file work32.csv (CSV, C-alpha atoms)
chain,number,residue,atom,x,y,z
D,1,MET,CA,143.7,47.2,-68.3
D,2,LYS,CA,147.3,48.2,-68.5
D,3,SER,CA,148.4,51.8,-68.7
D,4,LEU,CA,150.1,53.1,-71.8
D,5,GLU,CA,153.4,53.3,-69.8
D,6,GLU,CA,153.1,49.6,-68.8
D,7,LEU,CA,152.5,48.6,-72.4
D,8,LYS,CA,155.4,50.6,-73.6
D,9,ALA,CA,157.7,48.9,-70.9
D,10,ILE,CA,156.5,45.5,-72.1
D,11,LYS,CA,157.2,46.5,-75.7
D,12,ASP,CA,160.7,47.7,-74.9
D,13,LYS,CA,161.4,44.5,-72.9
D,14,MET,CA,160.2,42.4,-75.8
D,15,LYS,CA,162.4,44.4,-78.2
D,16,SER,CA,165.5,43.7,-76.2
D,17,THR,CA,164.8,40.0,-76.0
D,18,ILE,CA,164.3,39.9,-79.8
D,19,ASP,CA,167.5,41.8,-80.4
D,20,LEU,CA,169.4,39.4,-78.1
D,21,ARG,CA,168.1,36.4,-79.8
D,22,HIS,CA,169.3,37.5,-83.2
D,23,GLU,CA,172.7,38.9,-82.2
D,24,ASP,CA,175.1,36.1,-82.2
D,25,PRO,CA,178.6,37.7,-81.9
D,26,SER,CA,180.4,34.7,-83.5
D,27,ALA,CA,178.1,34.6,-86.6
D,28,THR,CA,179.3,35.8,-90.0
D,29,LYS,CA,177.1,38.5,-91.4
D,30,VAL,CA,176.2,38.8,-95.0
D,31,ILE,CA,174.7,42.3,-95.5
D,32,VAL,CA,173.0,43.0,-98.8
D,33,SER,CA,172.6,46.6,-99.7
D,34,MET,CA,168.9,47.2,-100.3
D,35,GLY,CA,168.5,50.8,-101.1
D,36,THR,CA,166.4,51.7,-104.1
D,37,CYS,CA,169.5,51.6,-106.3
D,38,GLY,CA,170.2,48.0,-105.0
D,39,ILE,CA,166.7,46.8,-105.4
D,40,ALA,CA,166.5,48.2,-109.0
D,41,SER,CA,169.8,46.3,-109.8
D,42,GLY,CA,168.7,42.9,-108.5
D,43,ALA,CA,169.5,42.9,-104.8
D,44,ARG,CA,166.2,41.1,-104.1
D,45,GLU,CA,167.3,38.0,-106.1
D,46,VAL,CA,170.8,38.2,-104.6
D,47,LEU,CA,169.5,38.3,-101.0
D,48,ASN,CA,167.1,35.4,-101.7
D,49,ALA,CA,170.0,33.4,-103.2
D,50,PHE,CA,172.2,33.9,-100.2
D,51,ALA,CA,169.4,32.9,-97.8
D,52,GLU,CA,168.5,29.9,-99.9
D,53,VAL,CA,172.0,28.5,-100.3
D,54,VAL,CA,172.8,29.2,-96.6
D,55,ALA,CA,169.7,27.1,-95.7
D,56,GLU,CA,170.5,24.4,-98.3
D,57,LYS,CA,174.0,24.0,-96.8
D,58,GLY,CA,172.6,23.9,-93.2
D,59,ILE,CA,174.6,26.8,-91.9
D,60,THR,CA,171.9,29.2,-90.8
D,61,ARG,CA,173.2,29.1,-87.2
D,62,ASN,CA,176.6,30.5,-88.4
D,63,VAL,CA,175.5,32.9,-91.0
D,64,MET,CA,173.1,35.8,-90.8
D,65,VAL,CA,171.8,37.3,-94.1
D,66,SER,CA,170.4,40.8,-93.6
D,67,GLN,CA,170.0,44.1,-95.4
D,68,SER,CA,171.4,47.6,-95.1
D,69,GLY,CA,170.6,50.9,-96.9
D,70,CYS,CA,172.5,52.3,-99.8
D,71,ILE,CA,176.2,52.3,-98.9
D,72,GLY,CA,177.2,54.7,-101.7
D,73,LEU,CA,178.5,52.1,-104.1
D,74,CYS,CA,175.6,52.4,-106.5
D,75,GLU,CA,177.6,51.8,-109.7
D,76,ASN,CA,178.6,48.3,-108.3
D,77,GLU,CA,175.1,47.2,-107.2
D,78,PRO,CA,174.0,44.7,-106.2
D,79,VAL,CA,176.5,44.9,-103.4
D,80,ALA,CA,177.0,42.6,-100.3
D,81,GLU,CA,179.4,42.8,-97.4
D,82,VAL,CA,180.7,39.7,-95.6
D,83,ILE,CA,181.7,40.4,-92.1
D,84,THR,CA,183.4,37.6,-90.2
D,85,PRO,CA,184.4,38.4,-86.6
D,86,GLY,CA,188.2,38.9,-86.3
D,87,LYS,CA,188.7,39.3,-90.1
D,88,ASP,CA,188.6,42.2,-92.5
D,89,LYS,CA,185.3,43.0,-94.1
D,90,VAL,CA,185.0,41.9,-97.7
D,91,THR,CA,182.7,43.8,-100.1
D,92,TYR,CA,181.5,42.1,-103.2
D,93,GLY,CA,179.8,43.9,-106.1
D,94,LYS,CA,177.9,43.4,-109.3
D,95,LEU,CA,176.4,40.3,-107.8
D,96,THR,CA,174.0,37.7,-109.3
D,97,PRO,CA,172.3,34.8,-107.6
D,98,GLU,CA,175.0,32.5,-109.2
D,99,LYS,CA,177.8,34.6,-107.7
D,100,ALA,CA,176.0,34.6,-104.3
D,101,ARG,CA,176.0,30.8,-104.4
D,102,GLU,CA,179.7,30.7,-105.2
D,103,ILE,CA,180.5,33.1,-102.4
D,104,VAL,CA,178.6,30.9,-99.9
D,105,GLU,CA,180.5,27.8,-101.1
D,106,LYS,CA,184.0,29.3,-101.4
D,107,HIS,CA,184.1,32.1,-98.9
D,108,LEU,CA,181.6,31.2,-96.1
D,109,ILE,CA,182.2,27.5,-96.1
D,110,GLY,CA,185.6,27.2,-97.7
D,111,GLY,CA,187.1,30.3,-96.0
D,112,THR,CA,188.6,31.7,-99.3
D,113,VAL,CA,187.7,35.2,-100.4
D,114,VAL,CA,186.4,35.2,-104.0
D,115,ASP,CA,188.8,37.9,-105.3
D,116,GLU,CA,187.1,38.0,-108.7
D,117,TYR,CA,183.9,39.6,-107.3
D,118,LYS,CA,185.6,41.8,-104.7
D,119,ILE,CA,185.4,45.6,-105.1
S,1,MET,CA,163.3,54.1,-111.0
S,2,LEU,CA,161.8,50.8,-110.0
S,3,CYS,CA,160.2,49.0,-113.0
S,4,ASP,CA,157.3,47.1,-111.4
S,5,ILE,CA,155.0,46.9,-108.5
S,6,SER,CA,156.8,44.0,-106.8
S,7,LEU,CA,160.0,46.0,-106.5
S,8,CYS,CA,158.2,49.1,-105.3
S,9,ILE,CA,156.5,47.0,-102.5
S,10,LEU,CA,160.0,45.8,-101.5
S,11,ASP,CA,161.4,49.3,-101.5
S,12,ILE,CA,158.6,50.6,-99.3
S,13,ALA,CA,158.7,47.5,-97.0
S,14,ILE,CA,162.5,48.0,-96.4
S,15,ASN,CA,161.6,51.4,-95.0
S,16,SER,CA,159.4,49.7,-92.5
S,17,PHE,CA,162.2,47.4,-91.5
S,18,LYS,CA,164.5,50.4,-91.0
S,19,SER,CA,161.9,52.2,-89.0
S,20,GLY,CA,162.3,49.7,-86.1
S,21,ALA,CA,158.8,48.1,-86.7
S,22,LYS,CA,158.1,44.8,-85.1
S,23,ASN,CA,155.0,44.1,-87.2
S,24,ILE,CA,154.6,44.8,-90.9
S,25,SER,CA,151.3,44.0,-92.7
S,26,ILE,CA,151.0,44.2,-96.5
S,27,PHE,CA,147.9,44.0,-98.6
S,28,LEU,CA,147.8,43.7,-102.3
S,29,THR,CA,144.5,43.6,-104.1
S,30,GLN,CA,143.9,43.4,-107.8
S,31,LYS,CA,140.7,44.7,-109.2
S,32,ASP,CA,139.5,45.7,-112.7
S,33,SER,CA,140.3,49.3,-111.8
S,34,GLY,CA,143.9,48.5,-111.0
S,35,VAL,CA,146.1,47.3,-108.1
S,36,LEU,CA,145.7,48.6,-104.6
S,37,PHE,CA,148.8,48.2,-102.4
S,38,GLU,CA,148.7,49.0,-98.7
S,39,ILE,CA,151.4,48.6,-96.0
S,40,LYS,CA,151.1,49.3,-92.3
S,41,ASP,CA,153.9,49.2,-89.7
S,42,ASP,CA,154.4,50.0,-86.0
S,43,GLY,CA,157.7,51.6,-86.5
S,44,ARG,CA,158.9,55.0,-85.3
S,45,GLY,CA,156.7,56.9,-87.7
S,46,ILE,CA,157.4,60.2,-89.4
S,47,SER,CA,157.6,63.6,-87.7
S,48,ASP,CA,155.6,66.5,-89.1
S,49,GLU,CA,158.9,68.2,-90.2
S,50,MET,CA,160.0,65.1,-92.0
S,51,PHE,CA,156.6,64.7,-93.6
S,52,LYS,CA,157.0,68.1,-95.2
S,53,ARG,CA,160.5,67.2,-96.4
S,54,ILE,CA,159.1,64.0,-98.0
S,55,HIS,CA,156.6,66.1,-99.9
S,56,ASN,CA,159.5,68.2,-101.1
S,57,ASN,CA,161.0,65.0,-102.4
S,58,ILE,CA,164.1,65.2,-100.2
S,59,LYS,CA,165.5,61.7,-99.6
S,60,GLU,CA,166.2,60.8,-96.0
S,61,PRO,CA,167.2,57.1,-96.1
S,62,GLU,CA,168.2,57.1,-92.4
S,63,THR,CA,164.7,57.7,-91.3
S,64,GLY,CA,163.2,55.0,-93.4
S,65,ALA,CA,161.2,57.6,-95.3
S,66,SER,CA,162.5,57.6,-98.8
S,67,PHE,CA,159.4,57.6,-100.8
S,68,ASN,CA,161.0,59.0,-103.9
S,69,GLY,CA,160.7,55.6,-105.7
S,70,LEU,CA,157.0,55.5,-105.0
S,71,LYS,CA,156.3,59.1,-106.0
S,72,GLY,CA,158.3,58.6,-109.3
S,73,LEU,CA,156.3,55.4,-110.0
S,74,TYR,CA,153.1,57.3,-109.4
S,75,LYS,CA,153.8,60.0,-111.8
S,76,ALA,CA,154.5,57.3,-114.4
S,77,CYS,CA,151.4,55.2,-113.8
S,78,GLY,CA,148.8,57.9,-112.9
S,79,GLY,CA,147.9,56.4,-109.5
S,80,ARG,CA,147.7,58.0,-106.1
S,81,VAL,CA,149.8,57.6,-102.9
S,82,LYS,CA,148.5,58.2,-99.4
S,83,ILE,CA,150.8,58.3,-96.4
S,84,ILE,CA,149.4,58.5,-92.9
S,85,SER,CA,152.0,58.5,-90.1
S,86,ASP,CA,152.1,59.3,-86.4
S,87,GLU,CA,155.5,59.7,-84.8
S,88,GLY,CA,156.1,56.8,-82.3
S,89,VAL,CA,153.0,54.9,-83.5
S,90,GLY,CA,153.7,53.8,-87.1
S,91,THR,CA,153.1,54.5,-90.7
S,92,PHE,CA,150.5,53.5,-93.2
S,93,VAL,CA,151.0,53.8,-97.0
S,94,SER,CA,148.5,53.1,-99.6
S,95,ALA,CA,149.0,53.3,-103.3
S,96,ASP,CA,146.7,52.5,-106.2
S,97,PHE,CA,148.1,51.7,-109.6
S,98,LYS,CA,146.1,52.0,-112.7
S,99,PRO,CA,145.6,48.9,-114.9
S,100,GLY,CA,148.5,48.2,-117.2
S,101,PHE,CA,151.2,48.5,-114.7
S,102,THR,CA,153.1,45.3,-114.4
S,103,LEU,CA,153.0,43.4,-111.1
S,104,GLY,CA,156.4,41.8,-111.5
S,105,ASP,CA,157.6,38.9,-109.4
S,106,ILE,CA,155.5,39.2,-106.3
S,107,ALA,CA,156.6,35.7,-105.0
S,108,GLU,CA,160.3,36.8,-105.1
S,109,THR,CA,159.4,39.9,-103.1
S,110,VAL,CA,157.5,37.9,-100.5
S,111,MET,CA,160.4,35.4,-100.1
S,112,CYS,CA,162.7,38.4,-99.6
S,113,LEU,CA,160.5,39.8,-96.8
S,114,ILE,CA,160.3,36.3,-95.2
S,115,ASN,CA,164.1,36.1,-95.3
S,116,LEU,CA,164.5,39.5,-93.7
S,117,SER,CA,161.8,38.7,-91.1
S,118,ARG,CA,163.7,35.6,-90.1
S,119,GLN,CA,166.9,37.5,-89.3
S,120,SER,CA,165.4,40.5,-87.8
S,121,GLY,CA,162.5,39.0,-85.7
S,122,VAL,CA,160.1,41.4,-87.4
S,123,ARG,CA,156.7,39.8,-88.0
S,124,VAL,CA,155.6,40.2,-91.6
S,125,SER,CA,152.2,39.2,-93.0
S,126,PHE,CA,151.3,39.4,-96.6
S,127,PHE,CA,147.8,39.2,-98.0
S,128,ALA,CA,147.1,39.0,-101.7
S,129,LYS,CA,143.7,39.1,-103.2
S,130,CYS,CA,142.2,39.0,-106.7
S,131,LYS,CA,138.4,38.5,-107.2
S,132,GLU,CA,137.4,35.5,-105.1
S,133,LYS,CA,140.9,34.1,-104.7
S,134,SER,CA,143.3,35.1,-101.9
S,135,PHE,CA,146.6,34.1,-100.3
S,136,LEU,CA,147.9,34.9,-96.9
S,137,ILE,CA,151.3,34.2,-95.4
S,138,ASP,CA,152.4,35.2,-91.9
S,139,SER,CA,156.1,34.9,-91.0
S,140,GLU,CA,155.1,33.7,-87.4
S,141,ARG,CA,153.1,30.8,-88.7
S,142,LEU,CA,155.6,29.4,-91.2
S,143,SER,CA,156.2,26.4,-89.0
S,144,GLU,CA,152.6,25.4,-89.4
S,145,ILE,CA,152.8,25.3,-93.2
S,146,SER,CA,156.0,23.3,-93.3
S,147,GLY,CA,154.1,20.7,-91.3
S,148,CYS,CA,155.3,18.5,-88.4
S,149,GLU,CA,157.7,16.5,-90.4
S,150,LYS,CA,161.3,16.9,-89.5
S,151,LEU,CA,162.6,18.8,-92.5
S,152,SER,CA,166.2,20.0,-93.0
S,153,GLU,CA,166.8,23.7,-93.3
S,154,GLY,CA,167.2,23.4,-97.0
S,155,GLU,CA,164.0,21.3,-97.4
S,156,ARG,CA,162.1,23.8,-95.3
S,157,TYR,CA,163.3,26.7,-97.4
S,158,ALA,CA,162.4,24.9,-100.6
S,159,PHE,CA,158.9,24.1,-99.2
S,160,ILE,CA,158.2,27.7,-98.2
S,161,LYS,CA,159.4,28.9,-101.6
S,162,GLN,CA,157.2,26.5,-103.4
S,163,TYR,CA,154.2,27.4,-101.1
S,164,VAL,CA,154.7,31.1,-101.8
S,165,SER,CA,155.2,30.7,-105.5
S,166,SER,CA,152.2,28.5,-106.0
S,167,GLY,CA,150.0,30.6,-103.7
S,168,ILE,CA,150.8,33.8,-105.5
S,169,SER,CA,150.5,32.4,-109.0
S,170,GLU,CA,147.1,30.9,-108.1
S,171,VAL,CA,145.8,34.3,-107.0
S,172,PHE,CA,146.9,36.3,-110.0
S,173,VAL,CA,146.5,33.5,-112.5
S,174,LYS,CA,143.6,34.8,-114.6
S,175,THR,CA,144.8,38.4,-114.9
S,176,GLY,CA,147.3,37.7,-117.7
S,177,ILE,CA,150.1,39.3,-115.7

call {"tool": "encode", "arguments": {"input": "work32.csv", "output": "structure tokens"}}
result
Amino acid sequence: MKSLEELKAIKDKMKSTIDLRHEDPSATKVIVSMGTCGIASGAREVLNAFAEVVAEKGITRNVMVSQSGCIGLCENEPVAEVITPGKDKVTYGKLTPEKAREIVEKHLIGGTVVDEYKI
Amino acid sequence: MLCDISLCILDIAINSFKSGAKNISIFLTQKDSGVLFEIKDDGRGISDEMFKRIHNNIKEPETGASFNGLKGLYKACGGRVKIISDEGVGTFVSADFKPGFTLGDIAETVMCLINLSRQSGVRVSFFAKCKEKSFLIDSERLSEISGCEKLSEGERYAFIKQYVSSGISEVFVKTGI
């Protein structure tokens, strides 16, 4: 029987391995704002569309799709930020699943920011 | 204001992700008396002080304790919310919705949780039950359901999406929702 301290140490160790596994510094991050305001505006469908198209294109090793809380741009929800190492962060707003697909194809794969949806 | 149960579940589950949980379990049971939703996580929990502030309806998104959506929903549907939390141990939230409140797109919410689980390493299990029918999906056992065949990432995603969507629609099929 392990003591509570030992169990806690194991938990902390596991946590750091999990964190390491998912932190690829060269990966592009797509962060969908999932505060209540985002969820109410359709962030769920947008996040799923990003994840689906990224899988479809076979680029899950290079692109991470994750969530953040409300970033204070509620009137532009659903909002997503694209963070590519070494480049300026791009924030897209008023997204739809269709726009998410376009962003994956043009921005993440093609390397061209979709100015039309930028905020 | 979130307009259905599926969005409410997602809103609450996002709090569990933010709380640093490594395991999140969700149970959704539909009965004649309404829908029971329960979520349990092993995140950082809520301190007594924070608990009081939640009751005062003060939103604290950073702590993963923004239950305003749930409380608002409750007022509207006449259900009850129970929150049990221990700092450093985790949080349990249960909510029962009276009949007539729409379930919304549960499959879309489950896919969203699976997508988030994949990136964060958080294990998510989701159990849905209605009368004798039930459906369970566990993010750690997804490789089992996509079989041994060598699927591409896109095919694997499509397979899981189909699995979730047919599983959920089978459970809630006779309820007219």

call {"tool": "atom_distance", "arguments": {"input": "work32.csv", "atom1": "atom CA of Lys40 of chain S", "atom2": "atom CA of Asn115 of chain S"}}
result
18.8 Å

call {"tool": "atom_distance", "arguments": {"input": "work32.csv", "atom1": "atom CA of Glu45 of chain D", "atom2": "atom CA of Ala107 of chain S"}}
result
11.0 Å

call {"tool": "residues_around", "arguments": {"input": "work32.csv", "residues": "segment 9-21 of chain S", "least_positions_apart": "4", "cutoff": "6 Å", "atoms": "all atoms listed in the file", "output": "VMD selection string"}}
result
chain S and resid 41 to 44 64

call {"tool": "atom_distance", "arguments": {"input": "work32.csv", "atom1": "atom CA of Ser47 of chain S", "atom2": "atom CA of Phe92 of chain S"}}
result
13.5 Å

call {"tool": "closest_residue", "arguments": {"input": "work32.csv", "among": "D:Ala27, D:Ala55, D:Cys74, D:Val114", "to": "Ala40 of chain D", "atoms": "only C-alpha atoms"}}
result
D:Cys74

call {"tool": "closest_residue", "arguments": {"input": "work32.csv", "among": "D:Ile39, D:Val30, D:Ala80, D:Leu4", "to": "chain S", "atoms": "all atoms listed in the file"}}
result
D:Ile39
